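Please read the structure below before turning to the comments.
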Amino acid sequence: MSGTDGTPYAPHTEAETTAMLSAIGAEDEAALFDIPEAVAFDGEFGIEQRTEREIRAECSRIFARNDDLVEFLGRGHYGHYVPSVVDHLADRAEFLTSYTQYQPEISQGFLQALFEYQSMLVELTGLPVANCSMYDAATALGEAATLADRVRSTSGDVVLVPEHLREGKRAVLDNYCAGAGLAVEPYPMADGNADIDALADRVGDDVVMVFAENPTVRGCVEEGLAAIGDLAAEADALFTLGSDPVSLSVLQEPASVGADVVVGEAGALGLPTAYGMGLGLFACSDEFLRQVPGRLVGAGEDAAGDRAFTLTLQTREQHIRKERATSNICTNQAWVALRAAIHAATLGPDGLVELANDCVREAEALAARIDELSGVAAPVHDRHHVREFAVRVDQPAAAIAEDLETAGFAVHAIDEHLLQVCVTDLNAGRTDGLVAAFEEVI
Amino acid sequence: MIHNQADYAREDDEVHEPLLSEKDETTVDVREASPLPDDLTRDELTLPAPSEPEIARHYTRLSQMNWAIDSGPYPLGSCTMKYNPKFTEDVAADPNAAIHPDRSARSAQGNLELQYRLQEYLGDIGGMDAVTLQPPAGAAGEFTGIAVAKAYHEHHGNDRSEVVIPASAHGTNFATAAMAGYDVVELPSGDDGRVDVEALEAAVGDDTAALMLTNPNTVGLFERDITEIAEIVHDAGGLLYYDGANLNALLGRGRPGDMGFDVMHYNVHKTFATPHGGGGPGAGPVGVVDELAEFLPAPRIREAEEGSGYEPFEPANTIGKVHGFGGNWLVLVKTYAYIARLGDEGLADAAAKAVLNANYLAERIDLDVPYGPFHHEFAATAGDRDAADVAKRMLDFGVHPPTTKWPEMVPEAMLTEPTEIEGQSSLDDLAEAFNLAYADTEEALDAAPNRTAASRIDQVSAARDPRLSWQALDGE
């Protein structure tokens, strides 16, 4: 490595640079820029160049300022143990440093991996079409709403969502809906599930989409899915169901309860919690094939008659259809989808079902233990739970969450007297500590 | 140079590497296994359950049937990639950084500090006053920027309905404007390939919310009239949006903020070398001038007022959120590491070498380049050859071809962007691939590619009869 102050990632020697300039007929590099004096930047950003080693030390010092907590956090964003094989295979440079598969003949590997990812989601959702990813659960929900707007010719513009919904998810949905001229309206919950009677009263001609989650943001298994599906169908509204691939491996198959679209956080597989980075799941029925947002990989044939894969139905997309595209999405989360697929393959259906069942059992067991403490009730809702559940505390929830944090445990404070606790394979071994800390702080 | 790509074809079955589902399918009786009541579960689940050695081999074989920037040049104009420095992966993999997004600010000081530092870096690089890191890709950054512009106009009581976009712009610009609820006014290019200032004057007015502009534009030309363009848009009460796709050409020599742009997104994979991962994750941070800062998504990160540390805060008239959490965190960490590695001198040198490389390559190829002087990319024309066929033939010569047939202002366009990471010999190889393919016979072009895992794929039939899952292939 030379001592140059330039970029370390350009191979040019000084002699080569000179030869290249001479081939072009330019005096120096500056002569190649056609930027008027008035807008040229001749200052400095003030960013000091550091060595690789210095940056690793610097960032490691910065990240060490995060507290070392045992996290019992979820609310729609989950981490499960990711086997080493996922990192090692997904990190292969042929995958990680490739671009979108615009030349399919030389990109068969990634295309097939994405085709397999789509197929896994087709099995989990029961819906015949799954795209090869959206950014995250929230943006996938936003895309579902704009899909509903395109395919449903009801007289209104209302998107119904559960009263219990992540604030962030709602905020993203609001932005997608604002552009499409849709209005988002919450429907009430009854003991942690959709209030079917209230929903029946509300659903009508002005509704283009009904959204429900299974599990809900509070971890409750939703028991009224078929009824919600019927209500949506009667009103000719789209029924969009939110879930994740681990939960889907045991919960009711979305297609069987009339879901038209499934969205959610597929990053529950393949990704650590990664400070909120996600993988948007998007699947839908055949009916909307030409209205799907995002990229689709299809099987076809090459000139030799062999099966080959390619991005397909691209006339839906922005680079062809411009302002009439189904979405502006271009770059998505392909590499994260690859990770999720490898993780799913590693678990197999047995491992997936076992993981999901453990999430049901662990949540039930931990809720029962917490419920034994005085001044605390768990779970708040008399439902089955996956991974997480709400906890009612007599004292202010925020103060208890803060005390628990001081004791080394992170939980959610979701209301004045409500906490939420999420248990997965990652923290199931630390529940004794959490229960002891709970006892200490209440 | 010749490149024979790996291929694991099973000729009897007429497939390349078999699908996972063709290797194994296992069915689990979910009702039997689940602690939940039967009416709340599915009946069964059928998925492949290969062993770990089989998985390792499957994905390794797939990877070998995939071209990447570490394999060779990937000069996809406007899209393109740079070499992704390996150490940035290690920085992003720090387990201390992999925390849940719902952590309290008090317990997430490290991540907040890195976010703050990156906001500052990006602000300096773009000449912008305030930055959000939340948008998870460039197109999401566009949507954020236009939503911010819309919120700004509405806040000032202006009901504006149109976004003006040059015909040569990226398709995302048009789709973004439509998603945000705007009508698109398409601006034809001038004869010199740049914005036609007179046409712009005619196109903007009381209804103009914004002009979306890429600079240098999509054939690599700097919009020399940018000051006048900014005046025209501002005089009409509109805002000037900078599509950051080509910021890599300007690093250290020009800043959108100094040119009159009010809002911009940054393309981190192209400008700051984060891996593209075969189609994401990306990141599309958005920078704005002071007047627009109060509309940015929430939260942004600032230094805490009291004592040390950092805190999230909600801008006064925020548009809300564009991602469920803070965006694609791992990508943002890699962005920070790359910027730090290059520093002022490295960033400016990256732009200089990228422009040098594009000019050198254009000099070495036999195809005409109708528009110039270009910077980091150029649109060559394949003339009477079919650009897509020339591209397919290039695949046999150890390079990925450029973007083809776009932008439309250049007939049979081959939009080429080598970036700074190619050295002279690599550019010579690339030029040779261009020239061999361009000069080849019609028959050879039609038959290409010959050395890739798959031969020419019939995309029209694939779209006519869409088979999008292994379930759809069953029984064939």
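Labels used: A, B, ... for chains in the order of the structure tokens, numbers from 1 for residues in each chain, and numbers from 1 for ligands as shown.
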Give me, as JSON lines, the closest atom pair and its distance (Å, one decimal) for every residue of stretch 309-416 of chain B within a cut-off of 9 Å of stretch 138-155 of chain B, counting only C-alpha atoms, rows sorted by chain and rising number.
{"residue": "B:Asn317", "atom": "CA", "partner": "B:Ala151", "partner_atom": "CA", "distance": 8.1}
{"residue": "B:Thr318", "atom": "CA", "partner": "B:Val148", "partner_atom": "CA", "distance": 8.2}
{"residue": "B:Ile319", "atom": "CA", "partner": "B:Val148", "partner_atom": "CA", "distance": 6.6}
{"residue": "B:Lys321", "atom": "CA", "partner": "B:Thr144", "partner_atom": "CA", "distance": 8.8}
{"residue": "B:Val322", "atom": "CA", "partner": "B:Thr144", "partner_atom": "CA", "distance": 6.8}
{"residue": "B:His323", "atom": "CA", "partner": "B:Ala140", "partner_atom": "CA", "distance": 8.7}
Under the rule of at most 12 Å, produce a per-residue listing of stretch 226-290 of chain A near stretch 108-117 of chain A: chain, number, name, the closest pair of atoms, and the distance in Å, as JSON lines, using only C-alpha atoms.
{"residue": "A:Pro245", "atom": "CA", "partner": "A:Tyr117", "partner_atom": "CA", "distance": 11.2}
{"residue": "A:Ala266", "atom": "CA", "partner": "A:Tyr117", "partner_atom": "CA", "distance": 10.4}
{"residue": "A:Leu269", "atom": "CA", "partner": "A:Tyr117", "partner_atom": "CA", "distance": 11.4}
{"residue": "A:Gly270", "atom": "CA", "partner": "A:Tyr117", "partner_atom": "CA", "distance": 11.8}
{"residue": "A:Leu279", "atom": "CA", "partner": "A:Tyr117", "partner_atom": "CA", "distance": 11.9}
{"residue": "A:Leu281", "atom": "CA", "partner": "A:Tyr117", "partner_atom": "CA", "distance": 10.4}
{"residue": "A:Phe282", "atom": "CA", "partner": "A:Tyr117", "partner_atom": "CA", "distance": 11.5}
{"residue": "A:Ala283", "atom": "CA", "partner": "A:Tyr117", "partner_atom": "CA", "distance": 11.5}
Could you save the residues just selected, with C-alpha atoms, as a PDB file, in the first residue's frame?
ATOM      1  CA  PRO A 245     -42.291 -16.608   8.788  1.00  0.00           C
ATOM      2  CA  ALA A 266     -39.425 -11.839   7.294  1.00  0.00           C
ATOM      3  CA  LEU A 269     -35.238 -15.338   9.958  1.00  0.00           C
ATOM      4  CA  GLY A 270     -31.676 -14.670   8.927  1.00  0.00           C
ATOM      5  CA  LEU A 279     -36.981  -7.670   5.455  1.00  0.00           C
ATOM      6  CA  LEU A 281     -42.538  -9.906   3.397  1.00  0.00           C
ATOM      7  CA  PHE A 282     -45.089  -9.439   0.621  1.00  0.00           C
ATOM      8  CA  ALA A 283     -47.311 -12.192  -0.772  1.00  0.00           C
TER       9      ALA A 283
END
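Atom to atom, atom CA of B:Gly287 and atom CA of B:Thr274 stand 18.7 Å apart.
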| Top pick for closest residue to A:Val250, considering A:Leu404, A:Val221, A:Leu96, A:Leu182 and counting only C-alpha atoms | A:Val221
| said: Using DSSP secondary structure from the backbone, list all alpha helix (DSSP H) positions within stretch 115-359 of chain A, as JSON, numbers by chain. | reply: {"A": [115, 116, 117, 118, 119, 120, 121, 122, 123, 124, 125, 137, 138, 139, 140, 141, 142, 143, 144, 145, 146, 147, 148, 149, 150, 151, 167, 168, 169, 170, 171, 172, 173, 174, 175, 176, 177, 178, 179, 180, 196, 197, 198, 199, 200, 201, 202, 225, 226, 227, 228, 229, 230, 231, 232, 233, 234, 245, 246, 247, 248, 318, 319, 320, 321, 334, 335, 336, 337, 338, 339, 340, 341, 342, 343, 344, 345, 346, 347, 348, 349, 350, 351, 352, 353, 354, 355, 356, 357, 358, 359]}
| task | List the neighbours of B:Gly398 out to 10 Å using only C-alpha atoms; skip same-chain residues closer than 3 positions along the sequence, and give me the result as a list in words. | result | Met1, Ile2, His3, Asn4, Gln5, Trp67, Ser71, Gly72, Pro73, Met394, Leu395, Pro401, Asp429, Leu430, Ala433, Arg451 and Thr452 of chain B
| field | Contacts of B:Gly220 at 9 Å (only C-alpha atoms; same-chain gap of 6+ positions) as number ranges by chain | value | B: 78, 246, 249, 371-379
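Our summary of the geometry notes that atom CA of B:Asp428 is positioned 23.6 Å from atom CA of B:Thr218.
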